[in-house]
Amino acid sequence: MLRYLAGRLVTSVGILLGVTLITFMLTFLIPADPVAMIAGRNSTAETRAVIRQQLGLDRPMPVQYADYVGRLARGDFGRSFARKTDVGDLIWSRLPATLLLMLGAIIAELAIGIPAGIYAATRRGSRSDKAVMTLSFVGVSAPQFVVGLSLLYVFAYMLGWFPLGGYGTLWHLVLPAVTMGIAGGGWYSRMMRSSMVDVLRQDYIRTARAKGVPEWRVVMKHAARNAVLPIIAMIGLDVGIFMSGAVVVESVFGWPGIGQLLWQAIQTIDIPIIMGVTTVAAGFIILGNLLADLVAPLIDPRIRLG
Amino acid sequence: MKRAFLGAAAAVLLALGGPALAEEPKQGGAVVVTFNNDLTTLDPQVGYDWQNWSVIKAMFDGLMDYKPGTTELVPDLAESFTLSDDGMTYTFKLRDGVKFHNGRVMIAADVKWSIERAVNPATLSPGASYFSAIEGYEDMAGGKAKELAGVTASDDKTVVITLARPDATFLHVLALNFALTVPKEAVEAAGADWGKKPVGTGAFEFVEWLPGQQLVLERNKDHYKPGVPFLDKVTFLFGLDPTVAVLKLKNGEVDILGDGIPPAQFTEAMSDPANKDLIAAGDQLQTGYVTMNVTMPPFDNLKVRQAVNMAINKDRIVKIINNRAVTASQPLPPAMPGYNTENKGFAFDPDGAKKLLAEAGMADGFTTEIYAMNVDPNPRIAQAIQQDLAAVGIKAEIKSVAQAEVIAAGGTGKVPMIWSGGMAWIADFPDPAGFFYPILGCGGAVDGGWNWARYCNKALDDRAAKADSMVKSDQADARTQAWKAIFDDVSKDAPWVPVFNEKRFTYHSARLGGDPSLYTDPIHIPVNYDYIFAKDAQ
Amino acid sequence: MADLWRRFSKDWAAVLGLILVGLMGLAAIGAPLLAPFDPNEQFLDGLTVEGSPLPPSSRFWFGTDTLGRDQLSRVLHGAGTSLLIGVLANGVAVLIGTLMGVTAGYLKGYVGAAIMRFTDLMMAFPALLLGIALAAILKPSLLIVALVIALVNWVQIARVVYTETLALSEREYIEAARALGARPSRILLRHLLPHLLPTVLIYGTLGIATTVLFEATLSFLGVGVQPPTPSWGKMIFESQSYFLTAPWLVFIPGAAILLVALGFTLVGDGLRDALDPTQRGRR
């Protein structure tokens with residue numbers, strides 16, 4: 001177990017390095033000149049040359065990359081081109097909001113998806129099964145902007161139950177988390193249903209039923225526990241996706257997360273921010289998948305790591 | 001003969017109290033302003049986008065400023081100034097009793113250091129080039145000198161600025177954010193974080209900035225202008241989608257929509273009689289234009305450029321953006337000195353356009369490319385242009401990409417057409433010169449420059465330089481006439497299609513007062529926070 | 001085969017799905033004939049005086065968009081792009097992801113670890129940037145969008161399939177098959193894939209909706225087909241802020257996406273049931 005973990009950690013560093021290298025090279029392929037953005041429209045060619053030199057952008061790409069990785073190793077993410085501030089600060093100041101929303105969204109999608117999936121699986125083929133599954137489609141297909149704005153309009157603007165966007169209390173978290181939970185719940189419910197259906201056909205379930213174990217106990221204890229495996233893998237994925245992928249929800253609710261930071265940086269080709277967010281997000285993606293792999297044997301002891 | 005100019009805040013206040021202003025300004029109260037995007041920086045020498053522009057102005061002052069809600073230049077930190085007979089030396093007398101928010105008295109050395117900070121290459125200021133007329137600029141910008149030889153603080157109250165060449169726009173330059181005065185010790189103490197914890201002399205002082213969430217400013221009680229500002233507190237909320245911001249305003253939670261009214265809600269908001277006094281409308285110093293690269297065939301042919309000008313239905317484009325603009329006839333916006341009311345531009349005439357194309361040997365039309373920034377409404381405007389061009393046989397492919405990519409593409413000089421909307425969006429100062437050099441002059445027609453039409457007319461550049469050497473007040477009219485003639489000639493060469501001049505609509509809550517011009521201030525965009533007030537202040 | 005069709009056609013839901021998919025396919029192919037107007041024509045009277053889009057009417061059945069174009073014609077013409085991206089590109093991604101996941105989960109060891117670490121790398125990889133870079137070097141096109149989508153989507157399904165395969169391969173019947181000397185390919189095809197089919201179907205169908213919307217993001221950044229070419233994702237993306245004032249701009253393309261995804265799911269479920277002998281009579 002420890003050896004496995006150590007091996008995974010070592011490869012993780014390698015993956016992180018790989019991601020930074022690829023991202024760095026890609027930023028060179030993008031047809032935008034950060035110097036032109038910084039220098040503004042009244043600048044002369046000389047000013048632009050001075051700025052280029054000040055930022056070290058006149059050096060060859062490998063030198064710039066080596067410099068970047070060297071500083072990254074010391075925890076220095078560099079400075080934003082547009083904001084001039086420390087990229088590490090920008091990311092760390094937004095990380096709590098991102099993690100909170102991630103947690104809220106995962107709880108919401110599980111709370112919506114798992115019960116719906118189990119319910120549909122136990123009533124397979126019935127009308128209620130079809131209804132649940134159709135709803136899951138609506139949830140997944142509905143654009144998040146529309147879902148978020150509808151929730152805000154009804155529950156915050158008309159009814160006044162929740163704040164109209166913003167960040168601060170747990171109360172602020174509910175609507176954005178539910179918005180993301182509706183889409184995620186759609187995925188989870190379908191996944192849970194099909195996984196349950198498969199498990200419920202297993203011999204040991206039949207045995208349990210034959211032994212006279214109450215149906216709810218068969219479903220909840222024997223079946224659901226094993227059916228939840230693919231869900232674990234999906235949560236691991238969501239950890240990575242939600243790191244920088246909650247742009248729309250962040251924007252609708254005014255949630256100060258990392259997604260908006262990255263989105264604005266992509267628009268303005270603020271390379272240090274793009275690099276920084278990609279690196280941090282990569283860390284969380286690797287971590288999420290590692291956790292998912294570690295949890296799997298706890299749920300199904302027959303799974304061996306390695 | 002020396003010319004003296006006396007300015008007083010009292011005069012400014014009087015000017016505001018017109019008959020439209022039924023209510024007396026009150027002291028106190030707080031307002032909340034929403035923005036979709038977080039601010040980038042509060043460093044006056046660095047900030048150069050429309051969003052941070054007015055926030056920085058609320059916290060800092062410079063030698064010069066404009067009368068609130070207008071484009072009329074007045075001294076600010078300077079009490080008065082004189083200009084030498086040769087037009088090369090400005091002497092500014094500073095106002096008494098101006099203190100930084102940290103309590104220190106502002107002196108002439110601060111003014112000098114701040115201007116030098118903008119020129120210093122280590123600052124990475126996008127505004128450095130504005131100061132190029134100052135003696136010693138090249139040495140400092142090139143890293144050879146630590147100071148500007150042309151700027152001296154002869155005593156604590158006197159700043160003398162010597163120019164290397166006459167520059168009629170120089171007083172405007174001193175009113176730009178890049179020239180605003182900062183305290184050296186605070187800048188150096190904050191180091192790289194200076195942009196996040198500003199200290200100025202302005203009407204408001206910085207309290208806190210939570211990135212992505214909010215920025216809080218409070219009234220500077222020691223402000224040298226008596227009674228300014230009226231508000232005790234201004235809070236900027238960041239990250240909210242404009243659509244949600246409208247709901248918040250209707251709910252009474254916020255007071256001003258910093259991003260303006262979203263297109264989807266515009267018609268509804270304008271048609272609601274309850275909003276009659278809540279939406280201020282005003283002109284902007286802005287022209288939305290299409291550049292045609294005059295170095296690339298077929299746009300090197302004047303007839304083709306004229307044809308394109310005649311092919312585009314500007315009225316329809318204005319309608320697409322909910323009539324939030326007026327059609328443009330020439331590069332300069334109507335509020336700009338030098339605007340020629342007689343120049344009606346090209347009328348919409350597709351048949352005439354086809355005829356011109358035929359004369360140019362392009363009867364069958366041609367295929368070309370038009371770049372546009374990807375943020376609404378720019379792709380829509382590009383599509384409207386595309387349809388108009390198709391009607392006369394020109395097949396234009398749209399490239400709708402991020403702002404940075406459009407700017408980079410324009411800088412290469414290899415792009416036939418660019419729709420400027422969302423980028424070169426507004427004049428830096430209310431003077432025709434600012435509309436010429438970077439975007440129509442030879443200096444900008446280089447790699448990495450902003451003259452995307454690559455229009456370079458040496459004769460016009462010379463005439464522009466001559467106009468800008470007319471620095472005397474009695475030459476002002478002659479200079480304006482000279483600029484008018486320059487832009488008439490630009491219009492004749494038609495490197496652009498001037499499409500429209502945007503108007504600004506600012507939606508605010510009923511509890512706010514102040515002249516509508518303060519909410520559409522052409523300089524303090526979008527709002528002049530120093531002079532608006534809360535009617536319900538206690 | 002005839003047997004399969006007989007079983008399939010008895011399933012009314014599956015038939016309904018087939019009809020839906022057929023209709024959408026028809027729209028994609030027959031758009032030029034079916035559409036009442038040119039999808040890119042901006043009607044002078046297609047906007048109100050204030051410049052707002054028109055609601056559905058007898059002339060414009062689905063209303064007009066923010067440029068005064070006929071929404072019905074745009075939905076029809078957008079079907080091709082959207083189906084290509086949502087069904088084909090996503091389908092390829094699901095196929096790759098399934099093969100990678102099942103291989104890694106069944107073989108384990110170094111091969112499995114290598115595959116899974118590769119998926120980690122691909123997941124952390126900034127696909128948006130790659131899209132922008134590719135569009136700049138080559139030329140914005142649907143192909144680049146499809147490529148980026150395939151690149152992004154396969155990793156997710158690979159992870160889920162991997163975890164499921166890990167659990168499945170420990171089940172008694174797989175152990176038994178292995179003990180009896182069955183070839184790995186046979187175990188893969190006969191014993192693993194049928195159990196993975198539901199998961200594959202979920203990603204293949206629900207993925208349609210998310211992928212179509214992702215295409216809009218990529219197009220916004222200048223990677224995909226440029227305006228005025230319509231796609232359902234872009235139609236939603238560009239007008240979603242209008243949904244309180246002009247809901248037809250969002251709901252109509254949204255409904256189209258929903259119906260396609262639903263249609264494919266119904267067909268998929270029907271096929272699975274028809275193919276799987278153990279399912280007979282169980283419903």
# chains A, B, ... in the order shown; residues from 1 in each chain; ligands from 1
>>> interface_residues(of="chain A", to="chain B", cutoff="9 Å", atoms="only C-alpha atoms", output="ChimeraX atom specification")
/A:30-48,50-51,54-55,79,82-86,90,93-94,149,152-153,157,164-167,250-257,260-261,264,266-269
>>> select_by_dssp(residues="region 272-365 of chain B", states="strand (DSSP E)", output="list in words")
Ile279, Ala280, Ala281, Gly282, Asp283, Gly288, Tyr289, Val290, Thr291, Met292, Ala325, Val326 and Thr327 of chain B
>>> interface_residues(of="chain C", to="chain A", cutoff="6 Å", atoms="only C-alpha atoms", output="list in words")
Leu121, Ala124, Phe125, Ala133, Val160, Ala167, Ala209, Leu258 and Arg283 of chain C
>>> residues_around(residues="Leu130 (chain C)", least_positions_apart="4", cutoff="8 Å", atoms="only C-alpha atoms", output="PyMOL selection string")
(chain A and resi 26) or (chain C and resi 126+134+148)
>>> write_last_selection(atoms="C-alpha atoms", output="compact mmCIF listing (two decimals), in the first residue's frame")
# COMPACT_ATOMS: atom_id res chain seq x y z
CA LEU A 26 0.94 25.88 -26.19
CA PRO C 126 -5.53 22.49 -21.10
CA LEU C 134 -4.58 24.43 -33.44
CA VAL C 148 -10.51 18.57 -28.88
>>> interface_residues(of="chain C", to="chain B", cutoff="7 Å", atoms="only C-alpha atoms", output="list in words")
Glu50, Gly51, Leu67, Phe220, Leu221, Gly222, Gln226, Pro227, Pro228, Ser241, Tyr242 and Thr245 of chain C
>>> write_last_selection(atoms="N, CA and C atoms", output="PDB file, in the first residue's frame")
ATOM      1  N   GLU C  50     -37.061  48.415 -31.540  1.00  0.00           N
ATOM      2  CA  GLU C  50     -36.007  48.576 -30.528  1.00  0.00           C
ATOM      3  C   GLU C  50     -34.855  47.608 -30.743  1.00  0.00           C
ATOM      4  N   GLY C  51     -34.971  46.744 -31.755  1.00  0.00           N
ATOM      5  CA  GLY C  51     -33.881  45.811 -32.021  1.00  0.00           C
ATOM      6  C   GLY C  51     -33.986  44.511 -31.246  1.00  0.00           C
ATOM      7  N   LEU C  67     -30.341  38.732 -34.467  1.00  0.00           N
ATOM      8  CA  LEU C  67     -29.984  39.419 -35.704  1.00  0.00           C
ATOM      9  C   LEU C  67     -31.158  39.435 -36.680  1.00  0.00           C
ATOM     10  N   PHE C 220     -16.701  29.955 -29.461  1.00  0.00           N
ATOM     11  CA  PHE C 220     -16.584  31.313 -28.927  1.00  0.00           C
ATOM     12  C   PHE C 220     -15.119  31.748 -28.923  1.00  0.00           C
ATOM     13  N   LEU C 221     -14.242  30.820 -28.599  1.00  0.00           N
ATOM     14  CA  LEU C 221     -12.820  31.152 -28.557  1.00  0.00           C
ATOM     15  C   LEU C 221     -12.187  31.106 -29.940  1.00  0.00           C
ATOM     16  N   GLY C 222     -13.011  30.937 -30.957  1.00  0.00           N
ATOM     17  CA  GLY C 222     -12.512  31.014 -32.322  1.00  0.00           C
ATOM     18  C   GLY C 222     -11.969  29.704 -32.855  1.00  0.00           C
ATOM     19  N   GLN C 226     -17.048  29.332 -37.713  1.00  0.00           N
ATOM     20  CA  GLN C 226     -17.224  30.739 -37.405  1.00  0.00           C
ATOM     21  C   GLN C 226     -18.619  31.208 -37.799  1.00  0.00           C
ATOM     22  N   PRO C 227     -19.073  32.298 -37.202  1.00  0.00           N
ATOM     23  CA  PRO C 227     -20.363  32.841 -37.600  1.00  0.00           C
ATOM     24  C   PRO C 227     -20.351  33.164 -39.099  1.00  0.00           C
ATOM     25  N   PRO C 228     -21.471  33.066 -39.765  1.00  0.00           N
ATOM     26  CA  PRO C 228     -22.831  32.859 -39.245  1.00  0.00           C
ATOM     27  C   PRO C 228     -23.289  31.407 -39.188  1.00  0.00           C
ATOM     28  N   SER C 241     -28.561  34.745 -22.149  1.00  0.00           N
ATOM     29  CA  SER C 241     -28.933  35.838 -21.249  1.00  0.00           C
ATOM     30  C   SER C 241     -30.297  36.413 -21.615  1.00  0.00           C
ATOM     31  N   TYR C 242     -30.829  36.007 -22.767  1.00  0.00           N
ATOM     32  CA  TYR C 242     -32.141  36.494 -23.186  1.00  0.00           C
ATOM     33  C   TYR C 242     -33.280  35.639 -22.654  1.00  0.00           C
ATOM     34  N   THR C 245     -36.316  37.267 -21.199  1.00  0.00           N
ATOM     35  CA  THR C 245     -37.088  38.173 -22.051  1.00  0.00           C
ATOM     36  C   THR C 245     -37.475  37.549 -23.387  1.00  0.00           C
TER      37      THR C 245
END
>>> residues_around(residues="Gly276 (chain A)", least_positions_apart="5", cutoff="8 Å", atoms="only C-alpha atoms", output="ChimeraX atom specification")
/A:77,87-88,91
>>> write_last_selection(atoms="C-alpha atoms", output="PDB file, in the first residue's frame")
ATOM      1  CA  PHE A  77       3.992  31.293  -9.664  1.00  0.00           C
ATOM      2  CA  VAL A  87      -0.310  34.724  -9.414  1.00  0.00           C
ATOM      3  CA  GLY A  88       0.034  32.513  -6.338  1.00  0.00           C
ATOM      4  CA  ILE A  91      -5.034  31.593  -6.952  1.00  0.00           C
TER       5      ILE A  91
END
>>> select_by_dssp(residues="region 15-94 of chain C", states="helix (DSSP H, G or I)", output="NGL selection string")
:C and (15-34 or 71-94)
>>> write_last_selection(atoms="C-alpha atoms", output="PDB file, in the first residue's frame")
ATOM      1  CA  VAL C  15     -39.246   2.707 -31.626  1.00  0.00           C
ATOM      2  CA  LEU C  16     -40.058   6.207 -30.432  1.00  0.00           C
ATOM      3  CA  GLY C  17     -36.333   6.788 -29.965  1.00  0.00           C
ATOM      4  CA  LEU C  18     -35.655   5.536 -33.464  1.00  0.00           C
ATOM      5  CA  ILE C  19     -38.256   7.928 -34.840  1.00  0.00           C
ATOM      6  CA  LEU C  20     -36.688  10.844 -32.940  1.00  0.00           C
ATOM      7  CA  VAL C  21     -33.213  10.008 -34.158  1.00  0.00           C
ATOM      8  CA  GLY C  22     -34.539   9.547 -37.678  1.00  0.00           C
ATOM      9  CA  LEU C  23     -36.263  12.891 -37.633  1.00  0.00           C
ATOM     10  CA  MET C  24     -33.135  14.648 -36.438  1.00  0.00           C
ATOM     11  CA  GLY C  25     -31.046  12.892 -39.041  1.00  0.00           C
ATOM     12  CA  LEU C  26     -33.581  13.923 -41.651  1.00  0.00           C
ATOM     13  CA  ALA C  27     -33.358  17.521 -40.453  1.00  0.00           C
ATOM     14  CA  ALA C  28     -29.585  17.420 -40.696  1.00  0.00           C
ATOM     15  CA  ILE C  29     -29.574  16.054 -44.228  1.00  0.00           C
ATOM     16  CA  GLY C  30     -32.662  17.761 -45.561  1.00  0.00           C
ATOM     17  CA  ALA C  31     -32.199  21.172 -43.962  1.00  0.00           C
ATOM     18  CA  PRO C  32     -31.755  23.006 -47.267  1.00  0.00           C
ATOM     19  CA  LEU C  33     -35.070  21.601 -48.493  1.00  0.00           C
ATOM     20  CA  LEU C  34     -36.978  21.781 -45.240  1.00  0.00           C
ATOM     21  CA  GLN C  71     -34.825  30.476 -35.793  1.00  0.00           C
ATOM     22  CA  LEU C  72     -36.528  27.448 -37.399  1.00  0.00           C
ATOM     23  CA  SER C  73     -34.191  27.552 -40.378  1.00  0.00           C
ATOM     24  CA  ARG C  74     -31.213  27.917 -38.073  1.00  0.00           C
ATOM     25  CA  VAL C  75     -32.261  24.992 -35.894  1.00  0.00           C
ATOM     26  CA  LEU C  76     -32.620  22.813 -38.997  1.00  0.00           C
ATOM     27  CA  HIS C  77     -29.301  23.898 -40.439  1.00  0.00           C
ATOM     28  CA  GLY C  78     -27.611  23.580 -37.059  1.00  0.00           C
ATOM     29  CA  ALA C  79     -28.625  19.930 -36.766  1.00  0.00           C
ATOM     30  CA  GLY C  80     -25.776  18.682 -38.946  1.00  0.00           C
ATOM     31  CA  THR C  81     -23.008  20.351 -36.951  1.00  0.00           C
ATOM     32  CA  SER C  82     -24.550  19.400 -33.660  1.00  0.00           C
ATOM     33  CA  LEU C  83     -25.106  15.758 -34.582  1.00  0.00           C
ATOM     34  CA  LEU C  84     -21.619  15.482 -35.979  1.00  0.00           C
ATOM     35  CA  ILE C  85     -20.095  16.828 -32.776  1.00  0.00           C
ATOM     36  CA  GLY C  86     -22.489  15.377 -30.220  1.00  0.00           C
ATOM     37  CA  VAL C  87     -22.928  11.939 -31.737  1.00  0.00           C
ATOM     38  CA  LEU C  88     -19.875  11.271 -33.856  1.00  0.00           C
ATOM     39  CA  ALA C  89     -17.061  13.066 -32.026  1.00  0.00           C
ATOM     40  CA  ASN C  90     -18.422  12.065 -28.667  1.00  0.00           C
ATOM     41  CA  GLY C  91     -19.015   8.535 -29.939  1.00  0.00           C
ATOM     42  CA  VAL C  92     -15.412   8.188 -31.016  1.00  0.00           C
ATOM     43  CA  ALA C  93     -14.307   9.496 -27.625  1.00  0.00           C
ATOM     44  CA  VAL C  94     -16.492   6.977 -25.833  1.00  0.00           C
TER      45      VAL C  94
END
>>> atom_distance(atom1="CA of Ile370 (chain B)", atom2="CA of Phe348 (chain B)")
19.7 Å
>>> atom_distance(atom1="CA of Asn309 (chain B)", atom2="CA of Trp496 (chain B)")
7.9 Å
>>> closest_residue(among="C:Phe60, C:Ser169, C:Gly68, C:Ile137", to="Lys108 (chain C)", atoms="only C-alpha atoms")
C:Ser169
>>> closest_residue(among="A:Val199, A:Ala97, A:Val218, A:Tyr188", to="Gly168 (chain A)", atoms="only C-alpha atoms")
A:Ala97
>>> residues_around(residues="Ile115 (chain C)", least_positions_apart="5", cutoff="12 Å", atoms="only C-alpha atoms", output="PDB file with N, CA and C atoms, in the first residue's frame")
ATOM      1  N   ILE C  96     -12.904   5.136 -27.712  1.00  0.00           N
ATOM      2  CA  ILE C  96     -11.501   5.132 -27.285  1.00  0.00           C
ATOM      3  C   ILE C  96     -11.424   4.953 -25.771  1.00  0.00           C
ATOM      4  N   GLY C  97     -12.233   5.722 -25.075  1.00  0.00           N
ATOM      5  CA  GLY C  97     -12.206   5.677 -23.612  1.00  0.00           C
ATOM      6  C   GLY C  97     -12.527   4.290 -23.093  1.00  0.00           C
ATOM      7  N   LEU C  99     -12.187   1.370 -24.644  1.00  0.00           N
ATOM      8  CA  LEU C  99     -11.098   0.423 -24.932  1.00  0.00           C
ATOM      9  C   LEU C  99      -9.922   0.639 -23.990  1.00  0.00           C
ATOM     10  N   MET C 100      -9.570   1.925 -23.782  1.00  0.00           N
ATOM     11  CA  MET C 100      -8.456   2.217 -22.889  1.00  0.00           C
ATOM     12  C   MET C 100      -8.773   1.761 -21.469  1.00  0.00           C
ATOM     13  N   GLY C 101      -9.959   2.086 -21.003  1.00  0.00           N
ATOM     14  CA  GLY C 101     -10.332   1.766 -19.631  1.00  0.00           C
ATOM     15  C   GLY C 101     -10.383   0.269 -19.394  1.00  0.00           C
ATOM     16  N   VAL C 102     -10.988  -0.440 -20.322  1.00  0.00           N
ATOM     17  CA  VAL C 102     -11.155  -1.878 -20.114  1.00  0.00           C
ATOM     18  C   VAL C 102      -9.791  -2.579 -20.212  1.00  0.00           C
ATOM     19  N   THR C 103      -8.942  -2.096 -21.099  1.00  0.00           N
ATOM     20  CA  THR C 103      -7.607  -2.682 -21.213  1.00  0.00           C
ATOM     21  C   THR C 103      -6.817  -2.473 -19.923  1.00  0.00           C
ATOM     22  N   ALA C 104      -6.845  -1.215 -19.453  1.00  0.00           N
ATOM     23  CA  ALA C 104      -6.100  -0.906 -18.239  1.00  0.00           C
ATOM     24  C   ALA C 104      -6.641  -1.693 -17.057  1.00  0.00           C
ATOM     25  N   GLY C 105      -7.970  -1.805 -16.961  1.00  0.00           N
ATOM     26  CA  GLY C 105      -8.575  -2.478 -15.823  1.00  0.00           C
ATOM     27  C   GLY C 105      -8.381  -3.978 -15.860  1.00  0.00           C
ATOM     28  N   TYR C 106      -8.328  -4.533 -17.054  1.00  0.00           N
ATOM     29  CA  TYR C 106      -8.211  -5.989 -17.138  1.00  0.00           C
ATOM     30  C   TYR C 106      -6.760  -6.438 -17.056  1.00  0.00           C
ATOM     31  N   LEU C 107      -5.888  -5.731 -17.752  1.00  0.00           N
ATOM     32  CA  LEU C 107      -4.478  -6.148 -17.764  1.00  0.00           C
ATOM     33  C   LEU C 107      -3.755  -5.738 -16.482  1.00  0.00           C
ATOM     34  N   LYS C 108      -4.146  -4.592 -15.919  1.00  0.00           N
ATOM     35  CA  LYS C 108      -3.470  -4.056 -14.733  1.00  0.00           C
ATOM     36  C   LYS C 108      -1.965  -3.988 -14.963  1.00  0.00           C
ATOM     37  N   GLY C 109      -1.207  -4.167 -13.894  1.00  0.00           N
ATOM     38  CA  GLY C 109       0.260  -4.168 -14.036  1.00  0.00           C
ATOM     39  C   GLY C 109       0.770  -2.877 -14.638  1.00  0.00           C
ATOM     40  N   TYR C 110       1.908  -2.987 -15.314  1.00  0.00           N
ATOM     41  CA  TYR C 110       2.546  -1.786 -15.853  1.00  0.00           C
ATOM     42  C   TYR C 110       1.721  -1.152 -16.963  1.00  0.00           C
ATOM     43  N   ASP C 120      -4.530  10.588 -16.631  1.00  0.00           N
ATOM     44  CA  ASP C 120      -4.352  11.707 -15.690  1.00  0.00           C
ATOM     45  C   ASP C 120      -3.758  12.906 -16.411  1.00  0.00           C
ATOM     46  N   LEU C 121      -2.730  12.633 -17.185  1.00  0.00           N
ATOM     47  CA  LEU C 121      -2.062  13.719 -17.908  1.00  0.00           C
ATOM     48  C   LEU C 121      -3.029  14.406 -18.866  1.00  0.00           C
ATOM     49  N   MET C 122      -3.776  13.595 -19.593  1.00  0.00           N
ATOM     50  CA  MET C 122      -4.694  14.159 -20.581  1.00  0.00           C
ATOM     51  C   MET C 122      -5.802  14.971 -19.918  1.00  0.00           C
ATOM     52  N   VAL C 155     -11.060  10.581 -21.739  1.00  0.00           N
ATOM     53  CA  VAL C 155     -10.416  10.295 -20.468  1.00  0.00           C
ATOM     54  C   VAL C 155     -11.423  10.023 -19.371  1.00  0.00           C
ATOM     55  N   ALA C 158     -12.800   6.618 -19.737  1.00  0.00           N
ATOM     56  CA  ALA C 158     -11.741   5.646 -19.458  1.00  0.00           C
ATOM     57  C   ALA C 158     -11.632   5.397 -17.952  1.00  0.00           C
ATOM     58  N   ARG C 159     -11.705   6.451 -17.157  1.00  0.00           N
ATOM     59  CA  ARG C 159     -11.585   6.310 -15.702  1.00  0.00           C
ATOM     60  C   ARG C 159     -12.735   5.487 -15.135  1.00  0.00           C
ATOM     61  N   TYR C 162     -12.529   1.907 -16.282  1.00  0.00           N
ATOM     62  CA  TYR C 162     -11.408   1.267 -15.594  1.00  0.00           C
ATOM     63  C   TYR C 162     -11.851   0.753 -14.233  1.00  0.00           C
TER      64      TYR C 162
END
>>> atom_distance(atom1="CA of Tyr455 (chain B)", atom2="CA of Val294 (chain B)")
6.1 Å
>>> residues_around(residues="Val527 (chain B)", least_positions_apart="2", cutoff="9 Å", atoms="only C-alpha atoms", output="ChimeraX atom specification")
/B:54-55,69,256,258,506,517-525,529-530,532
>>> write_last_selection(atoms="N, CA and C atoms", output="compact mmCIF listing (two decimals), in the first residue's frame")
# COMPACT_ATOMS: atom_id res chain seq x y z
N SER B 54 -11.97 54.81 -13.88
CA SER B 54 -12.68 55.75 -13.02
C SER B 54 -12.48 55.43 -11.54
N VAL B 55 -12.24 54.16 -11.22
CA VAL B 55 -12.00 53.80 -9.82
C VAL B 55 -10.68 54.42 -9.36
N GLY B 69 -18.45 65.59 -15.53
CA GLY B 69 -19.48 65.40 -16.54
C GLY B 69 -19.18 66.07 -17.86
N ILE B 256 -25.72 50.94 -8.80
CA ILE B 256 -25.26 51.28 -10.15
C ILE B 256 -24.80 50.00 -10.85
N GLY B 258 -22.35 48.80 -13.19
CA GLY B 258 -21.10 49.27 -13.78
C GLY B 258 -20.93 48.84 -15.23
N THR B 506 -26.49 54.51 -18.25
CA THR B 506 -26.19 54.00 -16.92
C THR B 506 -27.48 53.94 -16.11
N SER B 517 -25.26 63.77 -16.30
CA SER B 517 -23.94 63.76 -16.95
C SER B 517 -22.88 63.12 -16.07
N LEU B 518 -23.12 63.09 -14.75
CA LEU B 518 -22.16 62.45 -13.86
C LEU B 518 -22.19 60.94 -14.01
N TYR B 519 -23.33 60.44 -14.49
CA TYR B 519 -23.49 58.99 -14.64
C TYR B 519 -23.07 58.52 -16.03
N THR B 520 -22.74 59.46 -16.88
CA THR B 520 -22.25 59.09 -18.21
C THR B 520 -21.01 59.93 -18.50
N ASP B 521 -20.28 60.27 -17.46
CA ASP B 521 -19.11 61.13 -17.59
C ASP B 521 -18.17 60.61 -18.69
N PRO B 522 -17.86 61.45 -19.68
CA PRO B 522 -17.01 60.97 -20.77
C PRO B 522 -15.58 60.66 -20.33
N ILE B 523 -15.18 61.18 -19.18
CA ILE B 523 -13.82 60.93 -18.71
C ILE B 523 -13.82 59.90 -17.58
N HIS B 524 -14.63 60.15 -16.57
CA HIS B 524 -14.74 59.21 -15.45
C HIS B 524 -15.75 58.14 -15.83
N ILE B 525 -15.33 57.19 -16.66
CA ILE B 525 -16.25 56.21 -17.18
C ILE B 525 -16.42 55.07 -16.20
N TYR B 529 -17.64 59.25 -9.35
CA TYR B 529 -18.05 58.92 -7.99
C TYR B 529 -17.90 60.11 -7.04
N ASP B 530 -17.04 61.07 -7.39
CA ASP B 530 -16.76 62.18 -6.49
C ASP B 530 -17.98 63.07 -6.26
N ILE B 532 -21.53 62.34 -7.27
CA ILE B 532 -22.88 61.81 -7.12
C ILE B 532 -23.20 61.74 -5.62
>>> residues_around(residues="Tyr68 (chain A)", least_positions_apart="4", cutoff="10 Å", atoms="only C-alpha atoms", output="count of residues only")
13
